[in-house]
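Worksheet: the structure to be examined is printed underneath.
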Amino acid sequence: MKKEGLKKEVKNYERNVTIILVILTVISLIIDFLAYTGMVYNDEIIYNTTAIRSVINSGWFMTIVWTNNIAIYITNLFYFAGILDSKRDLVVKISFAIFSVLSTILINLQIVNLIADAFGMF
């Protein structure tokens, strides 16, 4: 009896953490979309980007960015703990966890800086 209840709790735990990580990753991709749109179209003469710049430079947006990034890292720790117990779809789950970390704006900016340094752009 106890093992059946424990298996059900583990399954619910894994499902709940997966749903939370999916939601956080979608929010992170939306943040990336806004940030990169603001960076690419930053020419004020050609494009009117005052609205998107005011959103990106606002305090609440930065709070959402930092909170989302930290939440993704913490949730990934719990996600890895849950997927190490289950043997099903291990490669898919690990690749999704890596993708969710790589979708954060902090990691994206570090990758862009590494590539720019490699080609001597900055």
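Here, A, B, ... name the chains of the structure tokens in the order displayed, residue numbers run from 1 inside each chain, and ligands are numbered from 1 in the same displayed order.
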request  = Find the residues near Ile20 (chain A): any atom within 9 Å, counting only C-alpha atoms, skip ones fewer than 5 places away on the same chain, and give them as a ChimeraX atom specification.
outcome  = /A:15,25,72,75
query = Contacts of Phe96 (chain A) at 10 Å or less, counting only C-alpha atoms, minus same-chain residues fewer than 5 places along, as a ChimeraX atom specification?
reply = /A:18,21-22,25,76,90-91,101-102
Region 45-59 of chain A environment, 12 Å, only C-alpha atoms, sequence neighbours closer than 3 positions dropped, as a PyMOL selection string = chain A and resi 30-42+62-66
Please return as a PDB file with C-alpha atoms, in the first residue's frame: the residues of chain A that backbone DSSP assigns to helix (DSSP H, G or I).
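File written: result27.pdb
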ATOM      1  CA  LYS A   2       2.700   2.477   0.913  1.00  0.00           C
ATOM      2  CA  LYS A   3       4.668   1.869  -2.277  1.00  0.00           C
ATOM      3  CA  GLU A   4       1.653   2.638  -4.471  1.00  0.00           C
ATOM      4  CA  GLY A   5       1.049   5.937  -2.671  1.00  0.00           C
ATOM      5  CA  LEU A   6       4.731   6.817  -2.923  1.00  0.00           C
ATOM      6  CA  LYS A   7       4.807   6.077  -6.665  1.00  0.00           C
ATOM      7  CA  LYS A   8       1.773   8.316  -7.172  1.00  0.00           C
ATOM      8  CA  GLU A   9       3.391  11.165  -5.210  1.00  0.00           C
ATOM      9  CA  VAL A  10       6.629  10.843  -7.187  1.00  0.00           C
ATOM     10  CA  LYS A  11       4.683  10.915 -10.452  1.00  0.00           C
ATOM     11  CA  ASN A  12       2.730  14.010  -9.341  1.00  0.00           C
ATOM     12  CA  TYR A  13       5.972  15.665  -8.181  1.00  0.00           C
ATOM     13  CA  GLU A  14       7.624  15.102 -11.535  1.00  0.00           C
ATOM     14  CA  ARG A  15       4.555  16.313 -13.427  1.00  0.00           C
ATOM     15  CA  ASN A  16       4.189  19.454 -11.303  1.00  0.00           C
ATOM     16  CA  VAL A  17       7.865  20.387 -11.572  1.00  0.00           C
ATOM     17  CA  THR A  18       7.719  19.821 -15.337  1.00  0.00           C
ATOM     18  CA  ILE A  19       4.693  22.109 -15.697  1.00  0.00           C
ATOM     19  CA  ILE A  20       6.384  24.822 -13.621  1.00  0.00           C
ATOM     20  CA  LEU A  21       9.568  24.541 -15.703  1.00  0.00           C
ATOM     21  CA  VAL A  22       7.608  24.746 -18.969  1.00  0.00           C
ATOM     22  CA  ILE A  23       5.823  27.907 -17.798  1.00  0.00           C
ATOM     23  CA  LEU A  24       9.093  29.496 -16.668  1.00  0.00           C
ATOM     24  CA  THR A  25      10.766  28.604 -19.966  1.00  0.00           C
ATOM     25  CA  VAL A  26       7.928  30.185 -21.975  1.00  0.00           C
ATOM     26  CA  ILE A  27       8.225  33.353 -19.880  1.00  0.00           C
ATOM     27  CA  SER A  28      11.978  33.308 -20.470  1.00  0.00           C
ATOM     28  CA  LEU A  29      11.492  33.009 -24.233  1.00  0.00           C
ATOM     29  CA  ILE A  30       9.094  35.979 -24.180  1.00  0.00           C
ATOM     30  CA  ILE A  31      11.683  37.995 -22.244  1.00  0.00           C
ATOM     31  CA  ASP A  32      14.332  36.997 -24.797  1.00  0.00           C
ATOM     32  CA  PHE A  33      12.033  38.066 -27.619  1.00  0.00           C
ATOM     33  CA  LEU A  34      11.502  41.505 -26.091  1.00  0.00           C
ATOM     34  CA  ALA A  35      15.159  41.998 -25.180  1.00  0.00           C
ATOM     35  CA  TYR A  36      16.556  40.968 -28.553  1.00  0.00           C
ATOM     36  CA  THR A  37      13.945  42.989 -30.429  1.00  0.00           C
ATOM     37  CA  GLY A  38      15.008  46.040 -28.433  1.00  0.00           C
ATOM     38  CA  MET A  39      18.686  45.331 -29.157  1.00  0.00           C
ATOM     39  CA  VAL A  40      18.315  44.650 -32.865  1.00  0.00           C
ATOM     40  CA  THR A  50      10.522  54.128 -27.451  1.00  0.00           C
ATOM     41  CA  ALA A  51       7.673  51.879 -26.276  1.00  0.00           C
ATOM     42  CA  ILE A  52       9.737  48.686 -26.205  1.00  0.00           C
ATOM     43  CA  ARG A  53      12.706  50.508 -24.667  1.00  0.00           C
ATOM     44  CA  SER A  54      10.540  51.901 -21.892  1.00  0.00           C
ATOM     45  CA  VAL A  55       9.294  48.374 -21.143  1.00  0.00           C
ATOM     46  CA  ILE A  56      12.789  46.867 -21.184  1.00  0.00           C
ATOM     47  CA  GLY A  59      12.067  48.268 -12.945  1.00  0.00           C
ATOM     48  CA  TRP A  60       9.270  45.712 -13.014  1.00  0.00           C
ATOM     49  CA  PHE A  61      10.682  44.139 -16.192  1.00  0.00           C
ATOM     50  CA  MET A  62      14.106  43.740 -14.588  1.00  0.00           C
ATOM     51  CA  THR A  63      12.447  42.238 -11.513  1.00  0.00           C
ATOM     52  CA  ILE A  64      10.650  39.710 -13.721  1.00  0.00           C
ATOM     53  CA  VAL A  65      13.888  38.909 -15.577  1.00  0.00           C
ATOM     54  CA  TRP A  66      15.887  38.230 -12.421  1.00  0.00           C
ATOM     55  CA  THR A  67      13.065  36.365 -10.687  1.00  0.00           C
ATOM     56  CA  ASN A  68      12.477  34.190 -13.746  1.00  0.00           C
ATOM     57  CA  ASN A  69      16.168  33.377 -14.161  1.00  0.00           C
ATOM     58  CA  ILE A  70      16.611  32.420 -10.514  1.00  0.00           C
ATOM     59  CA  ALA A  71      13.364  30.409 -10.545  1.00  0.00           C
ATOM     60  CA  ILE A  72      14.509  28.469 -13.619  1.00  0.00           C
ATOM     61  CA  TYR A  73      17.817  27.559 -11.981  1.00  0.00           C
ATOM     62  CA  ILE A  74      16.154  26.456  -8.730  1.00  0.00           C
ATOM     63  CA  THR A  75      13.392  24.544 -10.531  1.00  0.00           C
ATOM     64  CA  ASN A  76      16.007  22.804 -12.667  1.00  0.00           C
ATOM     65  CA  LEU A  77      17.675  21.475  -9.526  1.00  0.00           C
ATOM     66  CA  PHE A  78      14.381  19.906  -8.443  1.00  0.00           C
ATOM     67  CA  TYR A  79      13.742  18.732 -12.019  1.00  0.00           C
ATOM     68  CA  PHE A  80      17.108  16.964 -12.191  1.00  0.00           C
ATOM     69  CA  ALA A  81      16.437  15.337  -8.824  1.00  0.00           C
ATOM     70  CA  GLY A  82      13.127  14.036 -10.148  1.00  0.00           C
ATOM     71  CA  ILE A  83      14.403  12.791 -13.500  1.00  0.00           C
ATOM     72  CA  LEU A  84      17.303  10.897 -12.009  1.00  0.00           C
ATOM     73  CA  ASP A  85      14.785   8.674 -10.245  1.00  0.00           C
ATOM     74  CA  LEU A  90      15.825  10.448 -19.735  1.00  0.00           C
ATOM     75  CA  VAL A  91      17.494  12.024 -22.790  1.00  0.00           C
ATOM     76  CA  VAL A  92      14.433  14.132 -23.636  1.00  0.00           C
ATOM     77  CA  LYS A  93      14.080  15.355 -20.066  1.00  0.00           C
ATOM     78  CA  ILE A  94      17.759  16.237 -19.736  1.00  0.00           C
ATOM     79  CA  SER A  95      17.742  18.069 -23.077  1.00  0.00           C
ATOM     80  CA  PHE A  96      14.671  20.064 -22.016  1.00  0.00           C
ATOM     81  CA  ALA A  97      16.363  20.992 -18.741  1.00  0.00           C
ATOM     82  CA  ILE A  98      19.448  22.172 -20.627  1.00  0.00           C
ATOM     83  CA  PHE A  99      17.275  24.107 -23.093  1.00  0.00           C
ATOM     84  CA  SER A 100      15.431  25.856 -20.274  1.00  0.00           C
ATOM     85  CA  VAL A 101      18.716  27.008 -18.748  1.00  0.00           C
ATOM     86  CA  LEU A 102      20.050  28.131 -22.126  1.00  0.00           C
ATOM     87  CA  ILE A 105      18.744  35.992 -20.889  1.00  0.00           C
ATOM     88  CA  LEU A 106      21.830  35.768 -18.669  1.00  0.00           C
ATOM     89  CA  ILE A 107      23.168  32.698 -20.467  1.00  0.00           C
ATOM     90  CA  ASN A 108      22.226  34.146 -23.870  1.00  0.00           C
ATOM     91  CA  LEU A 109      24.195  37.312 -23.201  1.00  0.00           C
ATOM     92  CA  GLN A 110      27.199  35.286 -22.044  1.00  0.00           C
ATOM     93  CA  ILE A 111      27.100  33.213 -25.240  1.00  0.00           C
ATOM     94  CA  VAL A 112      26.865  36.373 -27.367  1.00  0.00           C
ATOM     95  CA  ASN A 113      29.823  37.889 -25.496  1.00  0.00           C
ATOM     96  CA  LEU A 114      31.901  34.718 -25.969  1.00  0.00           C
ATOM     97  CA  ILE A 115      31.228  34.691 -29.698  1.00  0.00           C
ATOM     98  CA  ALA A 116      31.971  38.420 -29.971  1.00  0.00           C
ATOM     99  CA  ASP A 117      35.239  37.978 -28.094  1.00  0.00           C
ATOM    100  CA  ALA A 118      36.193  35.013 -30.282  1.00  0.00           C
TER     101      ALA A 118
END
